[in-house]
file structure_38.tsv (TSV, C-alpha atoms and all ligand atoms)
chain	number	residue	atom	x	y	z
A	18	MET	CA	74.57	35.20	15.79
A	19	PRO	CA	77.37	37.66	16.61
A	20	CYS	CA	79.52	36.90	19.64
A	21	PHE	CA	79.59	40.00	21.83
A	22	ILE	CA	82.38	40.44	24.35
A	23	ILE	CA	80.22	42.43	26.80
A	24	PRO	CA	77.13	40.41	27.79
A	25	PRO	CA	73.70	41.99	28.30
A	26	TYR	CA	73.72	41.65	32.09
A	27	ILE	CA	76.64	44.09	32.39
A	28	LEU	CA	74.94	46.59	30.07
A	29	LYS	CA	71.71	46.23	32.08
A	30	ALA	CA	73.68	46.92	35.28
A	31	LEU	CA	75.04	50.11	33.67
A	32	MET	CA	71.46	51.11	32.86
A	33	GLN	CA	70.47	50.63	36.48
A	34	HIS	CA	73.46	52.20	38.19
A	35	GLY	CA	75.04	54.63	35.72
A	36	ASP	CA	74.37	58.34	35.38
A	37	ALA	CA	71.93	59.62	32.74
A	38	GLN	CA	74.48	59.66	29.93
A	39	LEU	CA	75.84	56.20	30.73
A	40	ARG	CA	72.30	54.83	30.95
A	41	SER	CA	71.38	56.08	27.51
A	42	GLN	CA	74.65	54.81	25.97
A	43	ALA	CA	74.15	51.36	27.52
A	44	LEU	CA	70.58	51.32	26.24
A	45	GLU	CA	71.73	52.18	22.71
A	46	THR	CA	74.34	49.42	22.80
A	47	LEU	CA	71.75	46.92	24.03
A	48	GLU	CA	69.23	47.91	21.37
A	49	LEU	CA	71.81	47.72	18.60
A	50	SER	CA	73.10	44.37	19.87
A	51	ALA	CA	69.56	42.98	19.96
A	52	ARG	CA	68.95	44.16	16.39
A	53	LEU	CA	72.19	42.54	15.22
A	54	ALA	CA	71.36	39.30	17.00
A	55	GLY	CA	68.00	39.22	15.22
A	56	GLN	CA	69.52	39.70	11.81
A	57	ARG	CA	70.43	36.82	9.63
A	58	MET	CA	74.13	37.44	9.16
A	59	LEU	CA	75.48	37.09	5.66
A	60	VAL	CA	78.19	34.48	5.53
A	61	THR	CA	80.06	36.40	2.87
A	62	ARG	CA	80.51	40.09	2.46
A	63	PHE	CA	82.41	42.23	0.00
A	64	PRO	CA	85.87	42.33	1.67
A	65	GLN	CA	85.91	38.54	2.08
A	66	MET	CA	85.13	38.10	-1.62
A	67	LEU	CA	88.31	39.87	-2.71
A	68	PRO	CA	91.01	37.59	-4.19
A	69	ARG	CA	93.13	35.84	-1.58
A	70	GLU	CA	96.81	36.42	-1.16
A	71	ARG	CA	99.28	34.30	0.76
A	72	GLY	CA	100.28	35.32	4.27
A	73	GLU	CA	98.70	37.65	6.73
A	74	GLN	CA	96.14	39.98	5.16
A	75	ARG	CA	94.68	42.59	7.48
A	76	THR	CA	92.27	45.27	6.32
A	77	ILE	CA	90.99	47.90	8.74
A	78	TYR	CA	87.88	49.93	7.99
A	79	ASP	CA	86.53	53.03	9.72
A	80	ALA	CA	82.77	52.76	10.32
A	81	ALA	CA	82.85	56.50	11.16
A	82	HIS	CA	80.35	56.09	14.05
A	83	ASP	CA	77.78	54.57	11.73
A	84	THR	CA	76.38	51.02	11.83
A	85	LEU	CA	76.88	50.23	8.15
A	86	LEU	CA	79.64	47.68	7.76
A	87	PRO	CA	82.41	47.54	6.88
A	88	GLY	CA	82.93	51.31	6.31
A	89	THR	CA	85.87	52.99	4.56
A	90	VAL	CA	89.28	51.33	4.21
A	91	VAL	CA	91.84	53.13	6.36
A	92	ARG	CA	94.74	50.66	6.57
A	93	ARG	CA	95.75	47.64	4.52
A	94	GLU	CA	98.38	44.96	5.07
A	95	GLY	CA	101.89	46.39	5.05
A	96	HIS	CA	100.73	50.00	5.11
A	97	PRO	CA	102.34	52.35	7.68
A	98	PRO	CA	100.48	53.21	10.90
A	99	ALA	CA	97.47	55.50	10.54
A	100	GLY	CA	96.96	58.63	12.62
A	101	ASP	CA	94.28	56.85	14.62
A	102	ALA	CA	95.11	54.69	17.66
A	103	ALA	CA	92.05	52.44	17.24
A	104	VAL	CA	93.03	51.62	13.64
A	105	ASN	CA	96.58	50.73	14.67
A	106	GLU	CA	95.48	48.70	17.71
A	107	ALA	CA	93.03	46.69	15.58
A	108	TYR	CA	95.80	46.09	13.03
A	109	ASP	CA	98.51	45.19	15.55
A	110	ASN	CA	96.37	42.95	17.76
A	111	ALA	CA	94.95	41.06	14.77
A	112	GLY	CA	98.57	40.57	13.66
A	113	ILE	CA	99.62	39.20	17.05
A	114	THR	CA	96.64	36.82	16.99
A	115	TYR	CA	97.56	35.64	13.48
A	116	ASP	CA	101.19	35.08	14.58
A	117	PHE	CA	100.04	33.22	17.69
A	118	PHE	CA	97.88	30.75	15.75
A	119	GLU	CA	100.48	30.30	13.02
A	120	THR	CA	103.50	29.87	15.33
A	121	VAL	CA	101.90	27.71	17.99
A	122	PHE	CA	99.34	25.73	15.98
A	123	GLY	CA	100.51	26.08	12.37
A	124	ARG	CA	97.11	27.59	11.49
A	125	ARG	CA	97.11	30.47	9.03
A	126	SER	CA	94.24	32.85	9.84
A	127	VAL	CA	90.81	31.83	11.12
A	128	ASP	CA	90.11	29.42	8.24
A	129	GLY	CA	93.63	27.97	8.08
A	130	ASP	CA	93.92	29.32	4.53
A	131	ASP	CA	94.90	32.97	5.04
A	132	MET	CA	91.39	34.34	5.11
A	133	ARG	CA	91.51	38.13	5.15
A	134	LEU	CA	91.23	39.52	8.69
A	135	VAL	CA	88.74	42.35	8.37
A	136	SER	CA	88.09	44.78	11.22
A	137	SER	CA	85.85	47.83	11.48
A	138	VAL	CA	86.61	50.42	14.17
A	139	HIS	CA	84.51	53.34	15.49
A	140	TYR	CA	81.31	51.34	15.12
A	141	SER	CA	78.24	53.39	16.12
A	142	LYS	CA	78.51	56.03	18.87
A	143	HIS	CA	79.86	55.20	22.34
A	144	TYR	CA	79.22	51.57	21.49
A	145	ASP	CA	79.99	49.38	24.51
A	146	ASN	CA	80.93	46.19	22.71
A	147	ALA	CA	83.08	44.25	20.25
A	148	PHE	CA	81.96	41.26	18.23
A	149	TRP	CA	82.71	38.74	15.49
A	150	ASP	CA	79.74	38.76	13.12
A	151	GLY	CA	80.62	35.62	11.20
A	152	THR	CA	82.80	37.43	8.66
A	153	GLN	CA	84.70	40.18	10.44
A	154	MET	CA	85.56	41.92	13.72
A	155	VAL	CA	83.67	45.01	14.84
A	156	TYR	CA	84.77	47.40	17.60
A	157	GLY	CA	82.99	50.19	19.44
A	158	ASP	CA	84.72	53.13	21.10
A	159	GLY	CA	83.15	52.42	24.52
A	160	ASP	CA	81.32	54.94	26.69
A	161	GLY	CA	84.62	56.38	27.99
A	162	VAL	CA	83.48	56.04	31.61
A	163	VAL	CA	83.21	52.32	32.29
A	164	PHE	CA	84.59	50.94	29.04
A	165	GLY	CA	87.35	52.39	26.87
A	166	THR	CA	88.11	51.61	23.24
A	167	PHE	CA	87.57	47.94	22.47
A	168	THR	CA	90.58	47.69	20.15
A	169	HIS	CA	92.79	48.16	23.18
A	170	ALA	CA	92.60	44.59	24.48
A	171	LEU	CA	94.60	41.86	22.71
A	172	ASP	CA	92.77	39.12	24.64
A	173	VAL	CA	89.40	40.43	23.43
A	174	ILE	CA	90.55	40.53	19.81
A	175	ALA	CA	92.03	37.04	20.06
A	176	HIS	CA	88.83	35.84	21.81
A	177	GLU	CA	86.65	37.17	18.98
A	178	LEU	CA	88.86	35.86	16.18
A	179	SER	CA	88.83	32.48	17.93
A	180	HIS	CA	85.05	32.47	17.40
A	181	GLY	CA	85.95	32.50	13.70
A	182	VAL	CA	88.23	29.48	14.18
A	183	THR	CA	85.46	27.63	16.04
A	184	GLN	CA	82.94	28.58	13.36
A	185	MET	CA	85.16	27.18	10.62
A	186	THR	CA	86.24	24.02	12.41
A	187	CYS	CA	83.76	22.37	14.77
A	188	GLY	CA	80.97	24.93	14.27
A	189	LEU	CA	79.65	24.83	17.85
A	190	ALA	CA	76.16	26.38	17.84
A	191	TYR	CA	75.97	29.62	19.83
A	192	HIS	CA	73.34	28.64	22.37
A	193	GLY	CA	73.00	26.39	25.40
A	194	GLU	CA	75.88	24.11	26.34
A	195	SER	CA	77.53	24.24	22.92
A	196	GLY	CA	77.39	28.04	23.17
A	197	ALA	CA	79.07	27.89	26.57
A	198	LEU	CA	81.75	25.62	25.12
A	199	ASN	CA	82.11	28.00	22.16
A	200	GLU	CA	82.71	30.85	24.63
A	201	SER	CA	85.06	28.74	26.70
A	202	VAL	CA	87.23	27.92	23.68
A	203	SER	CA	87.43	31.63	22.81
A	204	ASP	CA	88.31	32.55	26.40
A	205	VAL	CA	91.07	29.97	26.46
A	206	PHE	CA	92.60	31.05	23.14
A	207	GLY	CA	92.11	34.75	23.97
A	208	SER	CA	93.99	34.30	27.21
A	209	LEU	CA	96.64	32.13	25.57
A	210	ALA	CA	97.35	34.69	22.85
A	211	LYS	CA	97.95	37.35	25.51
A	212	GLN	CA	100.04	34.95	27.59
A	213	TRP	CA	102.10	33.96	24.51
A	214	HIS	CA	102.64	37.59	23.52
A	215	ARG	CA	103.76	38.53	27.04
A	216	ARG	CA	105.93	35.41	27.27
A	217	HIS	CA	104.24	34.42	30.50
A	218	THR	CA	104.07	30.92	31.92
A	219	ALA	CA	100.63	29.59	32.92
A	220	ASP	CA	101.40	30.55	36.54
A	221	GLU	CA	102.39	34.09	35.57
A	222	ALA	CA	99.40	34.65	33.29
A	223	ASP	CA	96.50	36.67	34.70
A	224	TRP	CA	93.82	34.46	33.06
A	225	LEU	CA	91.61	37.52	32.74
A	226	ILE	CA	89.76	38.49	29.60
A	227	GLY	CA	89.02	42.11	28.90
A	228	ASP	CA	90.59	43.76	31.95
A	229	ASP	CA	92.27	46.26	29.61
A	230	LEU	CA	88.82	47.41	28.47
A	231	ILE	CA	88.02	49.04	31.78
A	232	ALA	CA	88.43	52.78	31.32
A	233	ASP	CA	89.12	53.77	34.94
A	234	LYS	CA	92.74	53.04	35.85
A	235	GLU	CA	92.07	52.42	39.55
A	236	VAL	CA	89.19	50.06	38.82
A	237	ARG	CA	91.32	48.29	36.22
A	238	GLN	CA	94.14	47.82	38.71
A	239	GLY	CA	91.64	46.67	41.31
A	240	VAL	CA	90.35	43.99	38.98
A	241	THR	CA	93.83	42.85	38.13
A	242	LEU	CA	95.12	42.85	41.69
A	243	ALA	CA	92.10	41.29	43.28
A	244	GLN	CA	91.78	38.72	40.49
A	245	SER	CA	88.18	38.94	41.62
A	246	THR	CA	86.94	37.03	38.63
A	247	ARG	CA	89.74	34.70	37.79
A	248	HIS	CA	88.17	33.57	34.56
A	249	GLY	CA	87.17	36.97	33.23
A	250	ILE	CA	84.87	39.86	33.86
A	251	ARG	CA	82.02	38.16	32.09
A	252	GLN	CA	79.61	35.49	33.25
A	253	HIS	CA	76.56	35.27	30.98
A	254	LEU	CA	77.40	32.28	28.75
A	255	HIS	CA	80.90	32.70	30.07
A	256	GLY	CA	79.76	31.75	33.56
A	257	ARG	CA	79.62	28.17	32.35
A	258	GLN	CA	83.00	28.16	30.70
A	259	GLY	CA	85.00	27.24	33.78
A	260	PRO	CA	85.59	23.50	33.41
A	261	ALA	CA	87.29	23.62	30.00
A	262	ALA	CA	89.51	26.53	30.99
A	263	ARG	CA	90.38	24.85	34.27
A	264	ALA	CA	91.14	21.59	32.52
A	265	LEU	CA	93.42	23.30	30.03
A	266	SER	CA	95.24	25.73	32.29
A	267	PRO	CA	97.75	23.28	33.84
A	268	LEU	CA	98.69	22.05	30.38
A	269	LEU	CA	99.48	25.45	29.01
A	270	SER	CA	102.85	26.53	30.23
A	271	TRP	CA	104.96	27.93	27.45
A	272	PRO	CA	108.65	27.19	27.40
A	273	ARG	CA	110.43	30.47	28.08
A	274	ARG	CA	111.48	32.19	24.86
B	1	ZN	ZN	82.78	35.38	22.87
call {"tool": "encode", "arguments": {"input": "structure_38.tsv", "output": "structure tokens"}}
result
Amino acid sequence: MPCFIIPPYILKALMQHGDAQLRSQALETLELSARLAGQRMLVTRFPQMLPRERGEQRTIYDAAHDTLLPGTVVRREGHPPAGDAAVNEAYDNAGITYDFFETVFGRRSVDGDDMRLVSSVHYSKHYDNAFWDGTQMVYGDGDGVVFGTFTHALDVIAHELSHGVTQMTCGLAYHGESGALNESVSDVFGSLAKQWHRRHTADEADWLIGDDLIADKEVRQGVTLAQSTRHGIRQHLHGRQGPAARALSPLLSWPRR
């Protein structure tokens, strides 16, 4: 089952409280997410079957507002930036996540063996989510009112790629308590990747996941300043992720670099 960063209860709230356009966009995202969750995801797909090369291998596809994955290749490893911010953000943030896991844990890519990091941007229209589908990352553009482009948030990208690490190591099933632990592990590593990149200590880190997704600047600042949900803007499965994150947080203070 894909691991969506925005849980259904937030999308349902948008359907109840948003204007007509927001309601229909949230409904579309929910319907598409439900369809994806019901599908039996293929463990392998074309890009992952390409020959492996050593080192970081990022490939970014443009889904061109369709739901067929992966889409058209728009940037490969080592290629110069594209003229599309979402493509470059997906590329750069996947690179930071790779560097984080390699530098801190000596793990090369999600499988520890330089598995290609495949991302598709511009998935569907106004799609209010991002997910790891078992083989690759997928990003929507957001509705532009509540949520902005999902490639924008390093912690979200690191959270989703960490689902890949979990899948290929302990394989925690994505339901019930093991699902909550699966989410918790992704929240911890998502937050750590951001903290590592910003060179923050554990005390300086915001411990938020996805605050950069919020489109409205004032709301975004409000979330950050109020720290209203210290462990992220999500609760769903994530509501049960507290203990592991709390247990880990005092241990995770990077030496200043
Ligand atoms: Zn997740």
call {"tool": "closest_residue", "arguments": {"input": "structure_38.tsv", "among": "A:Arg125, A:His192, A:His176, A:His217", "to": "Trp149 in chain A", "atoms": "all atoms listed in the file"}}
result
A:His176
call {"tool": "residues_near_ligand", "arguments": {"input": "structure_38.tsv", "ligand": "ligand ZN 1 (chain B)", "cutoff": "6 Å", "atoms": "all atoms listed in the file", "output": "MDAnalysis selection string"}}
result
chainID A and resid 20:22 177 200 203
call {"tool": "atom_distance", "arguments": {"input": "structure_38.tsv", "atom1": "CA of Gln42 in chain A", "atom2": "CA of Thr84 in chain A"}}
result
14.7 Å
call {"tool": "atom_distance", "arguments": {"input": "structure_38.tsv", "atom1": "CA of Arg124 in chain A", "atom2": "CA of Cys187 in chain A"}}
result
14.7 Å
call {"tool": "residues_around", "arguments": {"input": "structure_38.tsv", "residues": "Leu230 in chain A", "least_positions_apart": "2", "cutoff": "8 Å", "atoms": "all atoms listed in the file", "output": "tab-separated table (two decimals) with C-alpha atoms, in the frame of the given file"}}
result
chain	number	residue	atom	x	y	z
A	164	PHE	CA	84.59	50.94	29.04
A	165	GLY	CA	87.35	52.39	26.87
A	166	THR	CA	88.11	51.61	23.24
A	167	PHE	CA	87.57	47.94	22.47
A	169	HIS	CA	92.79	48.16	23.18
A	170	ALA	CA	92.60	44.59	24.48
A	227	GLY	CA	89.02	42.11	28.90
A	228	ASP	CA	90.59	43.76	31.95
A	232	ALA	CA	88.43	52.78	31.32
call {"tool": "closest_residue", "arguments": {"input": "structure_38.tsv", "among": "A:Ile27, A:Ala190, A:Val162, A:Val205", "to": "Trp224 in chain A", "atoms": "only C-alpha atoms"}}
result
A:Val205
call {"tool": "atom_distance", "arguments": {"input": "structure_38.tsv", "atom1": "CA of Val182 in chain A", "atom2": "CA of Phe148 in chain A"}}
result
13.9 Å
call {"tool": "closest_residue", "arguments": {"input": "structure_38.tsv", "among": "A:Gln33, A:Ser141, A:Ser136, A:Thr152", "to": "Leu49 in chain A", "atoms": "only C-alpha atoms"}}
result
A:Ser141
call {"tool": "closest_residue", "arguments": {"input": "structure_38.tsv", "among": "A:Gly159, A:Gly72, A:Gly196, A:Pro24", "to": "Arg133 in chain A", "atoms": "only C-alpha atoms"}}
result
A:Gly72
call {"tool": "closest_residue", "arguments": {"input": "structure_38.tsv", "among": "A:Thr168, A:Ser201, A:Thr46, A:Ser126", "to": "Leu31 in chain A", "atoms": "only C-alpha atoms"}}
result
A:Thr46
call {"tool": "closest_residue", "arguments": {"input": "structure_38.tsv", "among": "A:Thr186, A:Asp109, A:His180, A:Arg71", "to": "Met132 in chain A", "atoms": "all atoms listed in the file"}}
result
A:Arg71
call {"tool": "axis_aligned_box", "arguments": {"input": "structure_38.tsv", "around": "range 215-234 of chain A", "padding_each_side": "5 Å", "output": "AutoDock Vina command-line options"}}
result
--center_x 97.0 --center_y 41.7 --center_z 31.8 --size_x 27.9 --size_y 34.2 --size_z 19.5
call {"tool": "residues_around", "arguments": {"input": "structure_38.tsv", "residues": "Ala210 in chain A", "least_positions_apart": "4", "cutoff": "10 Å", "atoms": "all atoms listed in the file", "output": "list in words"}}
result
Asn110, Ile113, Thr114, Tyr115, Asp116, Phe117, Phe118, Val121, Leu171, Asp172, Val173, Ile174, Ala175, His176, Asp204, Val205, Phe206, His214, Arg215 and Arg216 of chain A
call {"tool": "build_atoms", "arguments": {"input": "structure_38.tsv", "residues": "range 134-148 of chain A", "atoms": "N, CA and C atoms", "output": "JSON list (two decimals), keeping the file's coordinate frame"}}
result
[["chain", "number", "residue", "atom", "x", "y", "z"],
["A", 134, "LEU", "N", 91.72, 39.13, 7.36],
["A", 134, "LEU", "CA", 91.23, 39.52, 8.69],
["A", 134, "LEU", "C", 90.69, 40.95, 8.59],
["A", 135, "VAL", "N", 89.40, 41.06, 8.58],
["A", 135, "VAL", "CA", 88.74, 42.35, 8.37],
["A", 135, "VAL", "C", 88.25, 42.89, 9.71],
["A", 136, "SER", "N", 88.55, 44.15, 9.98],
["A", 136, "SER", "CA", 88.09, 44.78, 11.22],
["A", 136, "SER", "C", 87.49, 46.14, 10.88],
["A", 137, "SER", "N", 86.41, 46.48, 11.57],
["A", 137, "SER", "CA", 85.85, 47.83, 11.48],
["A", 137, "SER", "C", 85.94, 48.48, 12.85],
["A", 138, "VAL", "N", 86.51, 49.69, 12.90],
["A", 138, "VAL", "CA", 86.61, 50.42, 14.17],
["A", 138, "VAL", "C", 85.62, 51.59, 14.15],
["A", 139, "HIS", "N", 85.44, 52.20, 15.31],
["A", 139, "HIS", "CA", 84.51, 53.34, 15.49],
["A", 139, "HIS", "C", 83.10, 52.97, 15.03],
["A", 140, "TYR", "N", 82.65, 51.79, 15.46],
["A", 140, "TYR", "CA", 81.31, 51.34, 15.12],
["A", 140, "TYR", "C", 80.29, 52.06, 16.02],
["A", 141, "SER", "N", 79.30, 52.67, 15.41],
["A", 141, "SER", "CA", 78.24, 53.39, 16.12],
["A", 141, "SER", "C", 78.85, 54.47, 17.05],
["A", 142, "LYS", "N", 78.02, 54.98, 17.96],
["A", 142, "LYS", "CA", 78.51, 56.03, 18.87],
["A", 142, "LYS", "C", 78.55, 55.50, 20.29],
["A", 143, "HIS", "N", 79.68, 55.65, 20.95],
["A", 143, "HIS", "CA", 79.86, 55.20, 22.34],
["A", 143, "HIS", "C", 79.46, 53.74, 22.50],
["A", 144, "TYR", "N", 79.69, 52.96, 21.48],
["A", 144, "TYR", "CA", 79.22, 51.57, 21.49],
["A", 144, "TYR", "C", 80.04, 50.73, 22.46],
["A", 145, "ASP", "N", 79.33, 50.10, 23.42],
["A", 145, "ASP", "CA", 79.99, 49.38, 24.51],
["A", 145, "ASP", "C", 80.17, 47.90, 24.17],
["A", 146, "ASN", "N", 80.74, 47.60, 23.02],
["A", 146, "ASN", "CA", 80.93, 46.19, 22.71],
["A", 146, "ASN", "C", 81.90, 45.98, 21.56],
["A", 147, "ALA", "N", 82.29, 44.71, 21.41],
["A", 147, "ALA", "CA", 83.08, 44.25, 20.25],
["A", 147, "ALA", "C", 82.51, 42.90, 19.89],
["A", 148, "PHE", "N", 82.50, 42.57, 18.60],
["A", 148, "PHE", "CA", 81.96, 41.26, 18.23],
["A", 148, "PHE", "C", 82.53, 40.76, 16.91]]
